[in-house]
$ cat input_38.cif   # mmCIF, C-alpha atoms
data_structure
loop_
_atom_site.label_atom_id
_atom_site.label_comp_id
_atom_site.auth_asym_id
_atom_site.auth_seq_id
_atom_site.Cartn_x
_atom_site.Cartn_y
_atom_site.Cartn_z
CA MET M 17 5.37 19.10 -22.39
CA GLU M 18 8.69 17.65 -21.37
CA ARG M 19 8.35 14.20 -19.85
CA ARG M 20 8.91 14.54 -16.16
CA LYS M 21 11.37 12.18 -14.58
CA PHE M 22 9.70 9.77 -12.24
CA LEU M 23 10.58 10.88 -8.73
CA GLY M 24 12.36 8.37 -6.56
CA LEU M 25 13.67 6.17 -9.34
CA GLY M 26 16.82 4.80 -7.72
CA LEU M 27 17.74 8.17 -6.28
CA GLY M 28 17.15 7.64 -2.56
CA VAL M 29 15.56 11.02 -1.97
CA ALA M 30 16.36 12.38 1.50
CA ALA M 31 13.41 12.99 3.80
CA LEU M 32 12.37 16.63 4.08
CA SER M 33 9.71 16.22 6.70
CA LEU M 34 9.23 19.95 7.21
CA ALA M 35 8.55 20.75 3.57
CA PRO M 36 5.48 23.00 3.39
CA VAL M 37 4.04 21.04 0.52
CA SER M 38 4.26 17.31 -0.12
CA VAL M 39 7.12 16.89 -2.52
CA VAL M 40 8.93 14.02 -0.82
CA ALA M 41 8.58 10.62 -2.38
CA LYS M 42 9.79 7.83 -0.15
CA ASN M 43 10.24 4.43 -1.67
CA TYR M 44 10.45 2.05 1.29
CA ARG M 45 11.72 -0.83 -0.77
CA LYS M 46 14.92 1.18 -1.01
CA GLU M 47 14.79 2.80 2.42
CA LEU M 48 13.96 -0.32 4.45
CA PRO M 49 14.97 -3.28 2.29
CA ASP M 50 15.11 -5.70 5.21
CA ALA M 51 11.64 -4.93 6.54
CA TRP M 52 10.13 -6.68 3.53
CA LYS M 53 12.03 -9.88 4.32
CA ILE M 54 10.74 -10.42 7.85
CA LYS M 55 9.07 -13.79 7.95
CA ASN M 56 5.94 -15.05 9.60
CA LYS M 57 5.90 -18.12 11.79
CA ASP M 58 3.81 -21.04 10.56
CA ALA M 59 1.40 -21.07 13.49
CA GLU M 60 -1.96 -19.61 12.59
CA ASN M 61 -2.47 -15.97 13.58
CA ASP M 62 0.99 -15.84 15.13
CA LEU M 63 1.93 -12.17 15.46
CA THR M 64 5.69 -12.58 15.91
CA GLY M 65 6.45 -11.72 12.30
CA THR M 66 3.98 -8.84 12.36
CA ASN M 67 5.51 -7.34 15.51
CA GLU M 68 9.04 -7.66 14.16
CA ALA M 69 8.00 -5.97 10.97
CA ILE M 70 6.25 -3.19 12.91
CA LYS M 71 9.50 -2.57 14.73
CA ALA M 72 11.40 -2.51 11.45
CA VAL M 73 9.05 0.06 9.95
CA PHE M 74 8.29 2.30 12.91
CA GLY M 75 11.22 1.70 15.25
CA THR M 76 9.08 0.10 17.97
CA ASP M 77 6.23 -2.35 18.25
CA LYS M 78 4.55 -0.61 21.19
CA THR M 79 1.11 0.36 20.01
CA GLU M 80 -2.20 1.51 21.43
CA GLU M 81 -5.68 0.53 20.41
CA GLY M 82 -8.09 2.94 18.84
CA LYS M 83 -8.17 5.70 16.24
CA ILE M 84 -8.04 3.32 13.28
CA LYS M 85 -11.26 2.14 11.72
CA LEU M 86 -11.06 -1.02 9.64
CA TYR M 87 -13.95 -1.48 7.25
CA LYS M 88 -15.16 -3.65 4.41
CA ILE M 89 -12.77 -6.43 5.37
CA PRO M 90 -14.54 -9.79 5.15
CA ASP M 91 -14.79 -12.16 8.11
CA ILE M 92 -14.53 -15.01 5.64
CA ALA M 93 -12.76 -14.65 2.31
CA GLU M 94 -13.77 -17.26 -0.17
CA ASN M 95 -11.06 -16.15 -2.53
CA GLY M 96 -7.73 -15.64 -0.78
CA ALA M 97 -6.33 -14.07 -3.93
CA VAL M 98 -8.38 -10.93 -3.48
CA VAL M 99 -9.06 -9.86 0.08
CA PRO M 100 -10.18 -6.23 0.37
CA VAL M 101 -8.58 -4.26 3.19
CA ASN M 102 -9.93 -0.78 3.97
CA PHE M 103 -9.00 1.52 6.79
CA LYS M 104 -9.44 5.12 7.79
CA MET M 105 -8.58 7.54 10.58
CA ASP M 106 -8.74 11.27 11.24
CA LYS M 107 -5.10 11.86 10.57
CA ALA M 108 -1.81 9.98 10.31
CA THR M 109 1.70 10.46 9.00
CA LYS M 110 2.54 6.87 8.17
CA ILE M 111 0.45 3.72 7.92
CA ALA M 112 1.56 0.13 7.36
CA VAL M 113 -0.32 -3.08 6.71
CA PHE M 114 0.81 -6.51 7.93
CA GLN M 115 -0.62 -10.01 7.89
CA THR M 116 0.20 -13.40 9.34
CA ALA M 117 -0.98 -15.54 6.44
CA ASN M 118 1.88 -15.20 3.97
CA PRO M 119 5.59 -16.06 4.14
CA GLU M 120 6.57 -12.46 4.90
CA ALA M 121 4.66 -10.16 7.22
CA LEU M 122 4.87 -6.70 5.63
CA VAL M 123 2.32 -5.85 2.95
CA ALA M 124 2.49 -2.11 2.34
CA ILE M 125 3.69 1.19 3.79
CA PHE M 126 1.79 4.40 3.11
CA ASP M 127 3.31 7.81 3.63
CA VAL M 128 0.41 10.19 4.21
CA PRO M 129 1.16 13.51 2.51
CA GLU M 130 -0.46 16.74 3.69
CA LEU M 131 -3.17 16.83 1.08
CA ALA M 132 -4.10 13.21 1.59
CA ILE M 133 -7.03 12.02 3.63
CA PRO M 134 -6.10 8.81 5.48
CA ASP M 135 -8.79 6.59 4.01
CA TYR M 136 -7.32 3.83 1.94
CA GLY M 137 -8.35 0.61 0.25
CA ILE M 138 -6.21 -2.13 -1.20
CA ARG M 139 -6.71 -5.76 -2.06
CA ILE M 140 -4.27 -8.35 -0.81
CA LYS M 141 -3.46 -12.02 -1.20
CA MET M 142 -3.74 -14.29 1.79
CA ALA M 143 -2.43 -17.83 1.53
CA LYS M 144 -4.51 -19.01 4.47
CA THR M 145 -6.50 -17.77 7.44
CA GLY M 146 -4.65 -14.97 9.15
CA THR M 147 -4.69 -11.70 11.04
CA VAL M 148 -4.48 -8.45 9.10
CA THR M 149 -2.96 -5.64 11.18
CA VAL M 150 -2.94 -1.95 10.32
CA VAL M 151 -0.55 0.25 12.27
CA ALA M 152 -0.62 4.04 12.02
CA GLU M 153 1.65 6.74 13.33
CA ILE M 154 -0.60 9.51 14.63
CA ASP M 155 0.88 12.54 16.40
CA GLY M 156 4.05 10.62 17.14
CA LYS M 157 2.26 7.64 18.72
CA LEU M 158 1.54 4.25 17.22
CA TYR M 159 -1.92 2.74 17.03
CA ARG M 160 -2.99 -0.60 15.74
CA ALA M 161 -6.13 -2.38 14.66
CA SER M 162 -6.39 -6.01 13.62
CA LYS M 163 -8.90 -8.34 12.11
CA VAL M 164 -8.85 -12.09 11.62
CA VAL M 165 -9.82 -13.11 8.12
CA LYS M 166 -10.75 -16.73 7.54
CA VAL M 167 -9.65 -17.89 4.12
CA THR M 168 -11.35 -20.86 2.57
CA ALA M 169 -9.34 -20.99 -0.67
CA GLY M 170 -5.73 -19.80 -0.39
CA GLY M 171 -4.51 -16.96 -2.58
CA CYS M 172 -0.82 -17.53 -3.15
CA GLY M 173 -0.98 -20.89 -4.91
CA GLY M 174 -1.95 -19.47 -8.28
CA MET D 30 -7.06 -3.43 -20.13
CA ALA D 31 -4.81 -0.42 -20.57
CA LYS D 32 -1.90 -0.20 -18.13
CA MET D 33 -4.15 1.48 -15.62
CA ARG D 34 -7.69 2.74 -15.19
CA ILE D 35 -8.28 5.68 -12.90
CA LYS D 36 -11.51 7.33 -11.77
CA ALA D 37 -11.14 10.55 -9.82
CA LYS D 38 -14.22 12.42 -8.62
CA GLU D 39 -14.34 15.50 -6.46
CA LYS D 40 -17.07 16.34 -3.99
CA ASP D 41 -16.93 19.06 -1.34
CA GLY D 42 -13.22 19.53 -1.87
CA ILE D 43 -12.39 15.85 -1.45
CA VAL D 44 -11.25 13.80 -4.41
CA ASP D 45 -12.18 10.14 -4.30
CA VAL D 46 -9.96 7.94 -6.45
CA LYS D 47 -10.42 4.36 -7.54
CA ALA D 48 -7.64 2.92 -9.65
CA MET D 49 -6.93 -0.45 -11.19
CA LEU D 50 -3.35 -1.13 -12.23
CA LYS D 51 -2.53 -3.87 -14.67
CA HIS D 52 0.27 -6.03 -13.28
CA PRO D 53 0.69 -9.77 -12.65
CA MET D 54 2.07 -9.13 -9.15
CA LEU D 55 3.90 -12.44 -9.17
CA SER D 56 5.12 -13.30 -5.69
CA TYR D 57 8.32 -15.27 -5.22
CA ASP D 58 6.31 -18.42 -4.47
CA GLN D 59 3.99 -18.00 -7.44
CA ALA D 60 6.91 -17.26 -9.74
CA LYS D 61 8.75 -20.38 -8.64
CA LYS D 62 5.68 -22.52 -9.34
CA GLN D 63 5.27 -21.03 -12.79
CA GLY D 64 8.96 -21.11 -13.65
CA LYS D 65 9.02 -17.33 -14.06
CA GLU D 66 10.80 -14.48 -12.37
CA ALA D 67 9.05 -12.80 -9.47
CA ASN D 68 7.88 -9.34 -10.37
CA PHE D 69 5.49 -7.02 -8.60
CA ILE D 70 4.86 -3.31 -8.19
CA VAL D 71 6.97 -1.96 -5.35
CA TYR D 72 6.05 1.71 -5.25
CA ILE D 73 3.08 3.78 -6.36
CA VAL D 74 2.80 7.56 -6.23
CA GLY D 75 -0.01 9.96 -7.08
CA LYS D 76 0.72 13.60 -7.73
CA VAL D 77 -1.23 16.73 -8.55
CA GLY D 78 1.28 19.12 -10.04
CA ASP D 79 4.29 18.93 -7.74
CA ASN D 80 2.31 17.83 -4.71
CA VAL D 81 2.35 14.19 -3.71
CA VAL D 82 -1.18 13.20 -2.73
CA TYR D 83 -0.69 9.45 -2.44
CA GLU D 84 2.25 7.17 -1.99
CA VAL D 85 2.64 3.59 -0.98
CA SER D 86 5.48 1.08 -1.01
CA THR D 87 4.01 -2.30 -1.79
CA SER D 88 4.89 -5.97 -1.58
CA GLN D 89 4.26 -9.14 -3.51
CA PHE D 90 1.13 -9.58 -1.42
CA LEU D 91 -1.07 -7.15 -3.22
CA SER D 92 -3.56 -8.93 -5.44
CA LYS D 93 -2.95 -9.30 -9.16
CA ASN D 94 -4.00 -6.18 -11.06
CA PRO D 95 -3.98 -4.11 -7.86
CA PHE D 96 -7.07 -2.15 -7.04
CA LEU D 97 -6.48 1.01 -5.03
CA LYS D 98 -8.75 3.47 -3.29
CA PHE D 99 -7.59 6.74 -1.83
CA LYS D 100 -8.73 10.29 -1.06
CA PHE D 101 -7.13 13.68 -0.99
CA LYS D 102 -8.03 17.36 -0.93
CA GLY D 103 -8.37 18.70 -4.44
CA LYS D 104 -10.52 20.38 -7.05
CA LYS D 105 -12.32 19.46 -10.23
CA GLY D 106 -10.26 20.12 -13.30
CA GLU D 107 -6.92 19.45 -11.61
CA GLU D 108 -4.84 16.67 -13.07
CA LEU D 109 -3.85 13.58 -11.09
CA GLU D 110 -0.81 11.64 -12.27
CA LEU D 111 -0.48 8.10 -10.95
CA SER D 112 2.81 6.28 -11.47
CA TRP D 113 4.32 3.01 -10.38
CA ILE D 114 7.60 1.17 -10.54
CA ASP D 115 8.08 -2.58 -10.18
CA LEU D 116 10.84 -4.88 -8.97
CA LYS D 117 12.42 -5.01 -12.42
CA GLY D 118 12.49 -1.22 -12.64
CA GLU D 119 9.74 -0.90 -15.20
CA THR D 120 7.46 2.07 -14.78
CA ALA D 121 4.05 3.18 -15.93
CA SER D 122 2.23 6.43 -15.53
CA LYS D 123 -1.17 7.89 -16.35
CA LYS D 124 -2.80 11.30 -16.00
CA VAL D 125 -6.47 11.94 -15.49
CA LYS D 126 -8.50 15.06 -14.92
CA ILE D 127 -10.44 15.16 -11.70
CA LYS D 128 -14.15 15.24 -12.49
#
$ encode --input "input_38.cif" --output "structure tokens"
Amino acid sequence: MERRKFLGLGLGVAALSLAPVSVVAKNYRKELPDAWKIKNKDAENDLTGTNEAIKAVFGTDKTEEGKIKLYKIPDIAENGAVVPVNFKMDKATKIAVFQTANPEALVAIFDVPELAIPDYGIRIKMAKTGTVTVVAEIDGKLYRASKVVKVTAGGCGG
Amino acid sequence: MAKMRIKAKEKDGIVDVKAMLKHPMLSYDQAKKQGKEANFIVYIVGKVGDNVVYEVSTSQFLSKNPFLKFKFKGKKGEELELSWIDLKGETASKKVKIK
């Protein structure tokens, strides 16, 4: 079989949000290059960086509580290099993860295609104690859920 | 470890995927300390045929050898292709049959 070209490789695919089937591949490193650079303030659990990054990703930082369920995220992470972050909700179009513990606030942006079920797990690095925030766009509104994770051994030092 | 390990199991029409990607995910800070260039996966996409079932743009803050969990509607026997691209433009891809 002919080797298929990897979609989105430096091509800046235009968004076809009404496509009947999920064919769009959106690489946010290309689409929103500045969002990844937004920095966190040094103060512990300071949400300034997070809120700025939310605005950069979603256009606003006005969010409501509810709808997002965070699970299997530890209260205390002994190893800051591997902190599991899991979240789920009934539906969503876009989800982003932020934290206050590292130099920059934005961690990941998920586009939720039609066939996907919004139940995701990733593992992140946290340099110190911080607040992990998950923001989801559901039916055109933004929701957020946060959790403070205490880190006893920082994860960015290597 | 091979470039990536993927387990995809279907139950009641929902495919549960657990994947482990091999990548140092060196953040800018870590790279500076080690005298290397920062490099980390920036985009991951999962497709079944032409349909995108998973996609995420990622940062230097994912743990080394990223572990991912995700779900989508699918059937046994279908093929899931997971691909990623990193900051340097290198790519990797793997196909597995949904069990």
$ residues_around --input "input_38.cif" --residues "region 112-128 of chain D" --least-positions-apart "5" --cutoff "8 Å" --atoms "all atoms listed in the file" --output "number ranges by chain"
M: 22, 25; D: 32-33, 35-39, 44, 68-75, 104-107
$ interface_residues --input "input_38.cif" --of "chain D" --to "chain M" --cutoff "7 Å" --atoms "all atoms listed in the file" --output "list in words"
Gln59, Val71, Tyr72, Asp79, Asn80, Val81, Val82, Tyr83, Glu84, Val85, Ser86, Thr87, Ser88, Phe90, Leu91, Ser92, Pro95, Phe96, Leu97, Lys98, Phe99, Lys100, Phe101 and Lys102 of chain D
$ axis_aligned_box --input "input_38.cif" --around "region 66-75 of chain M" --padding-each-side "5 Å" --output "JSON"
{"center_x": 7.7, "center_y": -3.3, "center_z": 12.7, "size_x": 17.4, "size_y": 21.1, "size_z": 15.6}
$ atom_distance --input "input_38.cif" --atom1 "CA of Glu60 (chain M)" --atom2 "CA of Thr147 (chain M)"
8.5 Å
$ resolve_selection --input "input_38.cif" --expression "the PyMOL selection byres ((chain M and resi 145) around 9)" --output "ChimeraX atom specification"
/M:60-61,92-93,96,116-117,142-144,146-147,164-168,170
$ atom_distance --input "input_38.cif" --atom1 "CA of Asn94 (chain D)" --atom2 "CA of Asp58 (chain D)"
17.3 Å
$ atom_distance --input "input_38.cif" --atom1 "CA of Ala51 (chain M)" --atom2 "CA of Gly156 (chain M)"
20.3 Å
$ closest_residue --input "input_38.cif" --among "M:Met105, M:Ala69, M:Val151, M:Leu48" --to "Lys83 (chain M)" --atoms "only C-alpha atoms"
M:Met105
$ residues_near_point --input "input_38.cif" --point "(7.2, -3.4, 17.3)" --cutoff "6 Å" --atoms "only C-alpha atoms" --output "list of chain:residue names"
M:Asn67, M:Glu68, M:Ile70, M:Lys71, M:Thr76, M:Asp77, M:Lys78
$ write_last_selection --input "input_38.cif" --atoms "C-alpha atoms" --output "JSON list (two decimals), keeping the file's coordinate frame"
[["chain", "number", "residue", "atom", "x", "y", "z"],
["M", 67, "ASN", "CA", 5.51, -7.34, 15.51],
["M", 68, "GLU", "CA", 9.04, -7.66, 14.16],
["M", 70, "ILE", "CA", 6.25, -3.19, 12.91],
["M", 71, "LYS", "CA", 9.50, -2.57, 14.73],
["M", 76, "THR", "CA", 9.08, 0.10, 17.97],
["M", 77, "ASP", "CA", 6.23, -2.35, 18.25],
["M", 78, "LYS", "CA", 4.55, -0.61, 21.19]]
$ residues_around --input "input_38.cif" --residues "Lys93 (chain D)" --least-positions-apart "3" --cutoff "8 Å" --atoms "all atoms listed in the file" --output "VMD selection string"
(chain M and resid 97) or (chain D and resid 51 to 55)
